[in-house]
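Trainee: Below is protein_25.txt; it holds compact mmCIF, C-alpha atoms and all ligand atoms.
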```txt
# COMPACT_ATOMS: atom_id res chain seq x y z
CA MET A 76 184.12 116.43 182.24
CA SER A 77 183.00 117.95 185.61
CA ARG A 78 185.14 120.53 187.45
CA ASP A 79 185.83 118.11 190.39
CA GLN A 80 186.90 115.40 188.02
CA GLY A 81 189.25 117.77 186.23
CA GLU A 82 190.85 118.88 189.49
CA LEU A 83 191.25 115.25 190.60
CA GLU A 84 193.00 114.36 187.32
CA THR A 85 195.38 117.33 187.69
CA LEU A 86 196.16 116.27 191.25
CA ILE A 87 196.85 112.63 190.25
CA LYS A 88 199.13 113.74 187.40
CA ARG A 89 201.01 116.03 189.80
CA LEU A 90 201.41 113.27 192.42
CA LEU A 91 202.67 110.76 189.85
CA ALA A 92 205.12 113.29 188.44
CA ASP A 93 206.46 114.30 191.89
CA PRO A 94 209.99 112.78 192.28
CA ASP A 95 209.70 112.89 196.08
CA LEU A 96 206.75 110.52 195.95
CA ARG A 97 208.25 108.06 193.45
CA GLU A 98 209.17 105.61 196.18
CA HIS A 99 205.88 105.97 198.02
CA PRO A 100 204.18 102.54 198.41
CA LEU A 101 200.93 103.78 196.85
CA ASN A 102 202.62 105.38 193.81
CA PHE A 103 202.70 102.16 191.77
CA ALA A 104 199.05 101.35 192.54
CA LEU A 105 197.98 104.91 191.68
CA GLY A 106 200.00 104.74 188.41
CA GLN A 107 198.27 101.46 187.46
CA LEU A 108 194.86 102.88 188.29
CA TRP A 109 195.61 106.02 186.24
CA PHE A 110 196.75 103.90 183.30
CA GLN A 111 193.60 101.73 183.43
CA TYR A 112 191.40 104.81 183.76
CA ARG A 113 193.07 106.37 180.65
CA GLU A 114 192.62 103.12 178.69
CA LEU A 115 188.98 102.96 179.66
CA LEU A 116 188.51 106.56 178.63
CA ASN A 117 190.21 105.91 175.27
CA ARG A 118 188.02 102.88 174.60
CA MET A 119 184.89 104.83 175.46
CA GLU A 120 185.98 107.60 173.12
CA ARG A 121 186.61 105.11 170.33
CA ILE A 122 183.19 103.52 170.85
CA THR A 123 181.54 106.96 170.84
CA ARG A 124 183.39 107.92 167.66
CA MET A 125 182.33 104.66 166.00
CA SER A 126 178.73 105.17 167.02
CA ASP A 127 178.82 108.76 165.70
CA ALA A 128 180.30 107.55 162.44
CA TYR A 129 177.67 104.82 162.20
CA GLN A 130 174.90 107.31 162.81
CA SER A 131 176.24 109.71 160.21
CA MET A 132 176.66 106.81 157.79
CA ALA A 133 173.06 105.75 158.43
CA ARG A 134 171.94 109.35 157.92
CA GLN A 135 173.92 109.45 154.70
CA ARG A 136 172.39 106.18 153.55
CA GLU A 137 168.88 107.42 154.40
CA LEU A 138 169.60 110.55 152.44
CA SER A 139 170.82 108.63 149.43
CA LEU A 140 167.84 106.24 149.71
CA ALA A 141 165.53 109.26 149.62
CA GLU A 142 167.47 110.58 146.67
CA ARG A 143 167.25 107.20 144.93
CA PHE A 144 163.53 107.08 145.66
CA ASP A 145 163.10 110.56 144.16
CA LYS A 146 165.08 109.53 141.10
CA GLN A 147 163.00 106.36 140.65
CA LEU A 148 159.85 108.41 141.08
CA ARG A 149 160.99 110.91 138.43
CA GLN A 150 161.80 108.03 136.07
CA LEU A 151 158.40 106.42 136.69
CA GLU A 152 156.70 109.75 136.02
CA LYS A 153 158.64 110.01 132.76
CA VAL A 154 157.64 106.46 131.76
CA ALA A 155 154.01 107.21 132.65
CA ARG A 156 154.11 110.38 130.53
CA ILE A 157 155.61 108.44 127.58
CA SER A 158 153.02 105.68 128.02
CA ASP A 159 150.21 108.29 128.11
CA ARG A 160 151.54 109.87 124.91
CA TYR A 161 151.90 106.43 123.33
CA GLN A 162 148.33 105.45 124.24
CA HIS A 163 147.05 108.77 122.92
CA MET A 164 148.99 108.18 119.68
CA MET A 165 147.56 104.64 119.41
CA ARG A 166 144.02 105.95 119.95
CA GLU A 167 144.55 108.61 117.26
CA LEU A 168 146.07 106.01 114.94
CA ASN A 169 143.11 103.67 115.50
CA ILE A 170 140.66 106.46 114.73
CA ALA A 171 142.65 107.37 111.59
CA LEU A 172 142.79 103.69 110.52
CA LYS A 173 139.07 103.25 111.07
CA GLU A 174 138.40 106.47 109.18
CA ALA A 175 140.63 105.29 106.31
CA ALA A 176 138.94 101.88 106.24
CA THR A 177 135.41 103.27 106.17
CA HIS A 178 135.66 106.63 104.39
CA ASP A 179 136.56 107.87 100.96
CA PRO A 180 139.70 110.00 101.35
CA LEU A 181 138.66 112.57 98.73
CA THR A 182 135.09 113.40 99.75
CA ALA A 183 135.17 112.03 103.35
CA LEU A 184 131.89 110.24 102.60
CA ALA A 185 131.35 106.63 103.65
CA ASN A 186 133.03 104.20 101.26
CA ARG A 187 131.62 100.87 100.02
CA ARG A 188 132.36 99.02 103.24
CA PRO A 189 129.94 100.84 105.59
CA LEU A 190 127.47 101.18 102.72
CA ILE A 191 127.35 97.41 102.27
CA GLU A 192 127.15 96.85 106.03
CA ARG A 193 124.20 99.24 106.19
CA LEU A 194 122.53 97.58 103.18
CA LYS A 195 122.80 94.20 104.92
CA ALA A 196 121.46 95.63 108.18
CA GLU A 197 118.53 97.33 106.45
CA THR A 198 117.57 94.22 104.44
CA GLU A 199 117.62 92.16 107.66
CA ARG A 200 115.55 94.80 109.46
CA CYS A 201 113.12 94.85 106.56
CA GLU A 202 112.74 91.07 106.66
CA ARG A 203 112.18 91.15 110.42
CA LEU A 204 109.91 94.16 110.81
CA GLY A 205 108.54 94.63 107.32
CA HIS A 206 109.57 98.31 107.10
CA GLY A 207 110.40 99.49 103.59
CA PHE A 208 113.67 101.13 102.58
CA CYS A 209 115.03 102.55 99.33
CA VAL A 210 118.37 103.14 97.66
CA ALA A 211 119.33 105.79 95.13
CA MET A 212 122.31 105.51 92.80
CA LEU A 213 123.45 108.96 91.64
CA ASP A 214 125.96 109.79 88.92
CA ILE A 215 127.43 113.12 87.80
CA ASP A 216 126.55 113.77 84.16
CA ARG A 217 129.36 113.95 81.62
CA PHE A 218 131.94 114.13 84.34
CA LYS A 219 134.67 113.00 81.96
CA LEU A 220 134.20 116.27 80.05
CA ILE A 221 134.89 118.28 83.22
CA ASN A 222 138.12 116.35 83.81
CA ASP A 223 139.15 116.69 80.17
CA ARG A 224 138.34 120.39 79.92
CA TYR A 225 139.42 121.71 83.32
CA GLY A 226 141.78 119.08 84.66
CA HIS A 227 141.64 116.39 87.31
CA ASP A 228 141.95 118.84 90.22
CA VAL A 229 138.79 120.67 89.15
CA GLY A 230 137.14 117.26 88.75
CA ASP A 231 138.14 116.48 92.34
CA THR A 232 136.69 119.77 93.55
CA VAL A 233 133.40 118.97 91.80
CA LEU A 234 133.31 115.58 93.54
CA ILE A 235 134.03 117.16 96.95
CA GLU A 236 131.39 119.88 96.52
CA THR A 237 128.79 117.41 95.20
CA ALA A 238 129.39 115.17 98.22
CA ARG A 239 129.08 118.11 100.63
CA VAL A 240 125.76 119.28 99.14
CA MET A 241 124.39 115.74 98.95
CA GLU A 242 125.13 115.07 102.61
CA ALA A 243 123.58 118.36 103.67
CA GLU A 244 120.31 117.55 101.87
CA VAL A 245 119.62 114.01 103.11
CA ARG A 246 118.00 113.19 106.45
CA ASP A 247 120.14 112.45 109.53
CA TYR A 248 119.42 108.73 109.39
CA ASP A 249 120.03 108.38 105.63
CA LEU A 250 123.49 107.18 104.67
CA CYS A 251 125.24 108.86 101.83
CA GLY A 252 128.44 107.36 100.40
CA ARG A 253 130.77 107.25 97.41
CA TRP A 254 130.17 104.04 95.52
CA GLY A 255 133.15 104.66 93.22
CA GLY A 256 134.37 107.16 90.59
CA GLU A 257 131.67 109.78 90.11
CA GLU A 258 128.93 107.49 91.41
CA PHE A 259 127.22 107.98 94.80
CA LEU A 260 124.79 105.84 96.79
CA ILE A 261 122.15 107.05 99.23
CA ILE A 262 120.46 104.55 101.55
CA LEU A 263 117.07 105.81 102.72
CA PRO A 264 115.70 103.75 105.62
CA GLU A 265 112.02 103.82 106.58
CA SER A 266 111.05 105.13 103.13
CA VAL A 267 108.74 104.20 100.30
CA LEU A 268 109.64 105.05 96.72
CA ALA A 269 107.54 108.25 96.59
CA LEU A 270 109.36 109.73 99.62
CA ALA A 271 112.79 108.68 98.31
CA ASP A 272 111.87 110.27 94.97
CA ASP A 273 111.18 113.62 96.71
CA ILE A 274 114.43 113.49 98.68
CA VAL A 275 116.54 112.71 95.60
CA ARG A 276 114.79 115.52 93.66
CA ARG A 277 115.74 117.87 96.51
CA VAL A 278 119.37 116.66 96.39
CA ARG A 279 119.56 117.08 92.60
CA SER A 280 118.10 120.56 92.66
CA ALA A 281 120.61 121.61 95.40
CA ILE A 282 123.46 120.29 93.21
CA ASP A 283 121.96 122.21 90.28
CA ARG A 284 122.22 125.42 92.30
CA MET A 285 125.74 124.59 93.47
CA LYS A 286 128.42 126.91 92.08
CA VAL A 287 131.90 125.61 91.31
CA ARG A 288 134.07 128.44 90.01
CA VAL A 289 137.00 127.91 87.66
CA GLY A 290 138.54 131.31 86.94
CA ASP A 291 135.70 133.44 85.57
CA GLU A 292 133.57 130.43 84.70
CA VAL A 293 130.88 128.85 86.90
CA LEU A 294 130.41 125.16 86.23
CA SER A 295 126.92 123.76 86.21
CA ILE A 296 126.68 120.20 87.44
CA THR A 297 123.74 117.91 86.82
CA ILE A 298 122.97 114.52 88.25
CA SER A 299 121.16 111.44 87.00
CA ALA A 300 119.70 109.00 89.51
CA GLY A 301 118.09 105.60 89.67
CA LEU A 302 115.94 104.61 92.66
CA ALA A 303 114.71 101.26 93.90
CA GLN A 304 112.68 100.12 96.90
CA TYR A 305 113.63 96.91 98.68
CA ARG A 306 111.44 93.92 97.91
CA GLY A 307 111.04 91.20 100.52
CA GLY A 308 113.35 88.23 99.92
CA GLU A 309 115.65 90.12 97.53
CA SER A 310 119.42 90.35 98.17
CA TYR A 311 121.03 93.74 98.64
CA SER A 312 122.98 93.26 95.39
CA GLY A 313 119.70 92.52 93.57
CA LEU A 314 118.36 95.81 94.93
CA LEU A 315 121.52 97.66 93.75
CA ASN A 316 121.24 96.11 90.28
CA ARG A 317 117.69 97.43 89.93
CA ALA A 318 118.79 100.92 91.05
CA ASP A 319 121.70 100.77 88.59
CA ALA A 320 119.41 99.75 85.74
CA ALA A 321 117.10 102.69 86.62
CA LEU A 322 120.12 105.02 86.57
CA LEU A 323 121.09 103.76 83.13
CA GLN A 324 117.55 104.47 81.98
CA ALA A 325 117.80 108.03 83.39
CA LYS A 326 121.02 108.52 81.39
CA ARG A 327 119.32 107.17 78.28
CA ASN A 328 116.43 109.53 78.85
CA GLY A 329 118.81 112.43 78.32
CA ARG A 330 120.47 112.76 81.81
CA ASP A 331 119.68 115.41 84.48
CA SER A 332 116.77 113.24 85.54
CA GLN A 333 115.76 110.43 87.89
CA GLN A 334 114.11 107.12 87.24
CA LEU A 335 112.22 104.76 89.54
CA ALA A 336 112.98 101.04 89.24
CA ASP A 337 110.10 98.67 88.45
N1 LIG B 1 138.87 114.01 89.01
C1 LIG B 1 138.49 112.76 89.24
N2 LIG B 1 137.96 112.04 88.22
C2 LIG B 1 137.54 110.78 88.48
C3 LIG B 1 137.68 110.21 89.74
N3 LIG B 1 137.17 108.95 89.69
C4 LIG B 1 136.74 108.74 88.42
N4 LIG B 1 136.97 109.86 87.69
C5 LIG B 1 136.66 110.09 86.27
O1 LIG B 1 135.26 110.07 86.07
C6 LIG B 1 135.06 109.92 84.68
C7 LIG B 1 133.79 109.08 84.44
O2 LIG B 1 133.53 109.10 83.10
P1 LIG B 1 132.41 108.24 82.35
O3 LIG B 1 132.26 106.94 83.08
O4 LIG B 1 132.77 108.19 80.92
O5 LIG B 1 131.10 109.01 82.60
P2 LIG B 1 130.66 110.52 82.30
O6 LIG B 1 131.67 111.27 81.55
O7 LIG B 1 130.26 111.09 83.62
O8 LIG B 1 129.42 110.30 81.39
P3 LIG B 1 127.96 109.86 81.80
O9 LIG B 1 128.06 109.11 83.10
O10 LIG B 1 127.52 108.95 80.67
O11 LIG B 1 127.16 111.08 81.89
C8 LIG B 1 136.30 109.27 84.12
O12 LIG B 1 136.96 110.19 83.29
C9 LIG B 1 137.17 109.01 85.35
O13 LIG B 1 138.54 109.20 85.10
C10 LIG B 1 138.27 111.00 90.79
O14 LIG B 1 138.43 110.58 91.94
N5 LIG B 1 138.65 112.26 90.48
```
Translate the structure of the given file into structure tokens.
Ligand SMILES: Nc1nc2c(ncn2[C@@H]2O[C@H](COP(=O)(O)OP(=O)(O)OP(=O)(O)O)[C@@H](O)[C@H]2O)c(=O)[nH]1
Mentor:
Amino acid sequence: MSRDQGELETLIKRLLADPDLREHPLNFALGQLWFQYRELLNRMERITRMSDAYQSMARQRELSLAERFDKQLRQLEKVARISDRYQHMMRELNIALKEAATHDPLTALANRRPLIERLKAETERCERLGHGFCVAMLDIDRFKLINDRYGHDVGDTVLIETARVMEAEVRDYDLCGRWGGEEFLIILPESVLALADDIVRRVRSAIDRMKVRVGDEVLSITISAGLAQYRGGESYSGLLNRADAALLQAKRNGRDSQQLAD
């Protein structure tokens, strides 16, 4: 309120309160004007208060919207983190499942499944391109004796060590797997029998040099092997049968040896 306005209000209040002026002809009109002016002022104040309240309410609502937005954002971030972890877990699980489906849990070598897939692929490739490939079936000699004498755990260690040495000796593109029990299969692509024979001799001599210790004793492990080269038109199981028969012959020949299939 300005200074002039304040002085005018004081003057009007004084005039209206003056008993000598009560009968003055303008007193009633001035009283009415004063009353209307006060009413107007009150209404304006009410409107201003309402507008202030509305603005503060709006500010409050904006604030709580921002807070709600932040909360939603935090929740979304949490969901995204959980989903990331879940996807990572699923990926790991898939890898573990694939590993379990294609690898022998004891030696970590390929199991029969990828071996058979590779045999099929190689026979098809052979038919198409005419490249030769060989397989070698390898078997630990008198393995039952090791189990019986030293226990199953030592037998397992022998299997693990044999697998490790075997895999280290073959070429990168050969596939070495556990066919079952103490029997291993090596698939040698792009090879004729003479080359496969050299590679298997190298594998056997590395296993010969391998040292598995049981207390003070060092076990000596020998291997017998049968080798066969793929013949056009033959099935992969026919090829395996010939390698198996050659292995049997190697065993009959006194073990610790290798035999080429006819
Ligand atoms: N420790 C262990 N032993 C196994 C496993 N799988 C098979 N065997 C054992 O391997 C042995 C194979 O014995 P045999 O088939 O008689 O052959 P071998 O004693 O090696 O004799 P030859 O093959 O004739 O030289 C059996 O005693 C099986 O119990 C395995 O995962 N761990």
Trainee: Kindly assemble as CSV a list of the chain A residues that lie within 9 Å of ligand LIG 1 (chain B), each paired with its nearest atom pair and their distance in Å to one decimal, using all atoms listed in the file, sorted first by chain and then by ascending residue number.
Mentor:
```
residue,atom,partner,partner_atom,distance
A:Leu181,CA,B:LIG1,O14,7.1
A:Thr182,CA,B:LIG1,O14,9.0
A:Asp214,CA,B:LIG1,O9,6.2
A:Ile215,CA,B:LIG1,O7,5.4
A:Asp216,CA,B:LIG1,O11,3.6
A:Arg217,CA,B:LIG1,O6,3.5
A:Phe218,CA,B:LIG1,O7,3.5
A:Lys219,CA,B:LIG1,O6,3.5
A:Leu220,CA,B:LIG1,O6,5.8
A:Ile221,CA,B:LIG1,O6,7.9
A:Asn222,CA,B:LIG1,N1,5.8
A:Asp223,CA,B:LIG1,O12,7.5
A:Gly226,CA,B:LIG1,N1,7.3
A:His227,CA,B:LIG1,N1,4.0
A:Asp228,CA,B:LIG1,N1,5.9
A:Val229,CA,B:LIG1,N1,6.7
A:Gly230,CA,B:LIG1,N1,3.7
A:Asp231,CA,B:LIG1,N1,4.2
A:Thr232,CA,B:LIG1,N1,7.7
A:Val233,CA,B:LIG1,N1,7.9
A:Leu234,CA,B:LIG1,N5,7.0
A:Gly255,CA,B:LIG1,N3,6.9
A:Gly256,CA,B:LIG1,N3,3.4
A:Glu257,CA,B:LIG1,O1,5.4
A:Glu258,CA,B:LIG1,C4,8.5
A:Ile298,CA,B:LIG1,O11,8.4
A:Ser299,CA,B:LIG1,O11,7.9
A:Leu323,CA,B:LIG1,O10,8.6
A:Lys326,CA,B:LIG1,O10,6.6
A:Arg327,CA,B:LIG1,O10,8.7
A:Arg330,CA,B:LIG1,O11,6.9
```
Trainee: Take the residues that were just selected and, keeping C-alpha atoms, output them as a compact mmCIF listing (two decimals), in the frame of the given file.
Mentor:
```txt
# COMPACT_ATOMS: atom_id res chain seq x y z
CA LEU A 181 138.66 112.57 98.73
CA THR A 182 135.09 113.40 99.75
CA ASP A 214 125.96 109.79 88.92
CA ILE A 215 127.43 113.12 87.80
CA ASP A 216 126.55 113.77 84.16
CA ARG A 217 129.36 113.95 81.62
CA PHE A 218 131.94 114.13 84.34
CA LYS A 219 134.67 113.00 81.96
CA LEU A 220 134.20 116.27 80.05
CA ILE A 221 134.89 118.28 83.22
CA ASN A 222 138.12 116.35 83.81
CA ASP A 223 139.15 116.69 80.17
CA GLY A 226 141.78 119.08 84.66
CA HIS A 227 141.64 116.39 87.31
CA ASP A 228 141.95 118.84 90.22
CA VAL A 229 138.79 120.67 89.15
CA GLY A 230 137.14 117.26 88.75
CA ASP A 231 138.14 116.48 92.34
CA THR A 232 136.69 119.77 93.55
CA VAL A 233 133.40 118.97 91.80
CA LEU A 234 133.31 115.58 93.54
CA GLY A 255 133.15 104.66 93.22
CA GLY A 256 134.37 107.16 90.59
CA GLU A 257 131.67 109.78 90.11
CA GLU A 258 128.93 107.49 91.41
CA ILE A 298 122.97 114.52 88.25
CA SER A 299 121.16 111.44 87.00
CA LEU A 323 121.09 103.76 83.13
CA LYS A 326 121.02 108.52 81.39
CA ARG A 327 119.32 107.17 78.28
CA ARG A 330 120.47 112.76 81.81
```
Trainee: What's around range 264-275 of chain A at 6 Å? Count only C-alpha atoms, leave out sequence neighbours fewer than 2 positions away in its own chain, and write the answer as a ChimeraX atom specification.
Mentor: /A:207-208,277-278,304
Trainee: May I have the residues within 9 Å of range 188-205 of chain A as a count of residues only, using only C-alpha atoms and disregarding those fewer than 4 positions away in the same chain?
Mentor: 21
Trainee: Excluding same-chain residues fewer than 6 positions from Asp319 in chain A, what lies within 9 Å of it counting only C-alpha atoms, as a PyMOL selection string?
Mentor: chain A and resi 211-213+300-303+336
Trainee: Keeping C-alpha atoms for every residue in the selection just given, could you write it to a file as a short mmCIF file (atom, residue, chain, number, x, y, z; two decimals), in the coordinates of the input?
Mentor:
```cif
data_model
loop_
_atom_site.label_atom_id
_atom_site.label_comp_id
_atom_site.auth_asym_id
_atom_site.auth_seq_id
_atom_site.Cartn_x
_atom_site.Cartn_y
_atom_site.Cartn_z
CA ALA A 211 119.33 105.79 95.13
CA MET A 212 122.31 105.51 92.80
CA LEU A 213 123.45 108.96 91.64
CA ALA A 300 119.70 109.00 89.51
CA GLY A 301 118.09 105.60 89.67
CA LEU A 302 115.94 104.61 92.66
CA ALA A 303 114.71 101.26 93.90
CA ALA A 336 112.98 101.04 89.24
#
```
Trainee: Might I get the box with edges along x, y and z of the file that holds all atoms of range 76-86 of chain A listed there, padded by 5 Å on every side, given as centre and edge lengths in Å to one decimal, as JSON?
Mentor:
```
{"center_x": 189.6, "center_y": 117.4, "center_z": 186.7, "size_x": 23.2, "size_y": 16.2, "size_z": 19.0}
```
Trainee: Rounded to one decimal in Å, what is the spacing between CA of Arg89 in chain A and CA of Leu105 in chain A?
Mentor: 11.7 Å
Trainee: Give me, please, the distance in Å between CA of Glu236 in chain A and CA of Met285 in chain A, quoted to one decimal.
Mentor: 8.0 Å
Trainee: Tell me, in Å to one decimal, how far CA of Ser332 in chain A is from CA of His206 in chain A.
Mentor: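 Between these atoms lies a distance of 27.2 Å.
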Trainee: Could you tell me which of A:Asn328, A:Gln150, A:Ser158, A:Gln333 comes closest to Arg279 in chain A if we count all atoms listed in the file?
Mentor: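 Under the stated criterion, the closest residue is A:Gln333.
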Trainee: For the structure just given, write the atoms of range 219-279 of chain A, namely C-alpha atoms, as a PDB file, in the first residue's frame.
Mentor:
```pdb
ATOM      1  CA  LYS A 219      41.229-102.862 -15.249  1.00  0.00           C
ATOM      2  CA  LEU A 220      44.393-103.858 -13.363  1.00  0.00           C
ATOM      3  CA  ILE A 221      45.119-100.191 -12.557  1.00  0.00           C
ATOM      4  CA  ASN A 222      41.605 -99.745 -11.159  1.00  0.00           C
ATOM      5  CA  ASP A 223      41.818-102.989  -9.203  1.00  0.00           C
ATOM      6  CA  ARG A 224      45.272-102.329  -7.795  1.00  0.00           C
ATOM      7  CA  TYR A 225      45.188 -98.585  -7.100  1.00  0.00           C
ATOM      8  CA  GLY A 226      41.509 -97.730  -6.980  1.00  0.00           C
ATOM      9  CA  HIS A 227      39.048 -95.953  -9.234  1.00  0.00           C
ATOM     10  CA  ASP A 228      40.386 -92.464  -8.428  1.00  0.00           C
ATOM     11  CA  VAL A 229      43.850 -93.389  -9.691  1.00  0.00           C
ATOM     12  CA  GLY A 230      42.162 -94.915 -12.749  1.00  0.00           C
ATOM     13  CA  ASP A 231      40.417 -91.580 -13.309  1.00  0.00           C
ATOM     14  CA  THR A 232      43.708 -89.702 -13.004  1.00  0.00           C
ATOM     15  CA  VAL A 233      45.260 -92.008 -15.612  1.00  0.00           C
ATOM     16  CA  LEU A 234      42.350 -91.294 -17.969  1.00  0.00           C
ATOM     17  CA  ILE A 235      42.676 -87.519 -17.430  1.00  0.00           C
ATOM     18  CA  GLU A 236      46.454 -87.520 -17.966  1.00  0.00           C
ATOM     19  CA  THR A 237      46.207 -89.780 -21.036  1.00  0.00           C
ATOM     20  CA  ALA A 238      43.618 -87.438 -22.556  1.00  0.00           C
ATOM     21  CA  ARG A 239      45.780 -84.373 -21.842  1.00  0.00           C
ATOM     22  CA  VAL A 240      48.882 -85.908 -23.486  1.00  0.00           C
ATOM     23  CA  MET A 241      46.891 -87.227 -26.442  1.00  0.00           C
ATOM     24  CA  GLU A 242      45.373 -83.826 -27.164  1.00  0.00           C
ATOM     25  CA  ALA A 243      48.745 -82.106 -26.907  1.00  0.00           C
ATOM     26  CA  GLU A 244      50.287 -84.466 -29.490  1.00  0.00           C
ATOM     27  CA  VAL A 245      47.682 -84.335 -32.273  1.00  0.00           C
ATOM     28  CA  ARG A 246      47.479 -81.579 -34.892  1.00  0.00           C
ATOM     29  CA  ASP A 247      45.175 -78.577 -34.381  1.00  0.00           C
ATOM     30  CA  TYR A 248      42.648 -79.812 -36.927  1.00  0.00           C
ATOM     31  CA  ASP A 249      42.577 -83.419 -35.648  1.00  0.00           C
ATOM     32  CA  LEU A 250      39.742 -84.215 -33.272  1.00  0.00           C
ATOM     33  CA  CYS A 251      40.484 -86.248 -30.222  1.00  0.00           C
ATOM     34  CA  GLY A 252      37.621 -87.611 -28.097  1.00  0.00           C
ATOM     35  CA  ARG A 253      36.624 -90.194 -25.507  1.00  0.00           C
ATOM     36  CA  TRP A 254      34.698 -92.951 -27.221  1.00  0.00           C
ATOM     37  CA  GLY A 255      33.791 -94.598 -23.909  1.00  0.00           C
ATOM     38  CA  GLY A 256      35.459 -96.263 -20.895  1.00  0.00           C
ATOM     39  CA  GLU A 257      39.205 -96.354 -21.519  1.00  0.00           C
ATOM     40  CA  GLU A 258      38.786 -96.082 -25.280  1.00  0.00           C
ATOM     41  CA  PHE A 259      39.669 -92.935 -27.281  1.00  0.00           C
ATOM     42  CA  LEU A 260      39.093 -91.933 -30.893  1.00  0.00           C
ATOM     43  CA  ILE A 261      41.235 -89.614 -32.991  1.00  0.00           C
ATOM     44  CA  ILE A 262      39.884 -88.296 -36.295  1.00  0.00           C
ATOM     45  CA  LEU A 263      42.701 -87.266 -38.640  1.00  0.00           C
ATOM     46  CA  PRO A 264      41.430 -85.234 -41.605  1.00  0.00           C
ATOM     47  CA  GLU A 265      43.490 -84.776 -44.759  1.00  0.00           C
ATOM     48  CA  SER A 266      45.617 -87.831 -43.932  1.00  0.00           C
ATOM     49  CA  VAL A 267      46.660 -91.073 -45.545  1.00  0.00           C
ATOM     50  CA  LEU A 268      47.343 -94.147 -43.426  1.00  0.00           C
ATOM     51  CA  ALA A 269      51.139 -93.660 -43.350  1.00  0.00           C
ATOM     52  CA  LEU A 270      50.797 -90.136 -41.889  1.00  0.00           C
ATOM     53  CA  ALA A 271      48.153 -91.238 -39.368  1.00  0.00           C
ATOM     54  CA  ASP A 272      50.452 -94.110 -38.371  1.00  0.00           C
ATOM     55  CA  ASP A 273      53.265 -91.617 -37.574  1.00  0.00           C
ATOM     56  CA  ILE A 274      50.967 -89.363 -35.556  1.00  0.00           C
ATOM     57  CA  VAL A 275      49.576 -92.249 -33.485  1.00  0.00           C
ATOM     58  CA  ARG A 276      53.128 -93.545 -32.860  1.00  0.00           C
ATOM     59  CA  ARG A 277      54.019 -90.071 -31.575  1.00  0.00           C
ATOM     60  CA  VAL A 278      50.945 -90.057 -29.296  1.00  0.00           C
ATOM     61  CA  ARG A 279      51.737 -93.529 -27.921  1.00  0.00           C
TER      62      ARG A 279
END
```
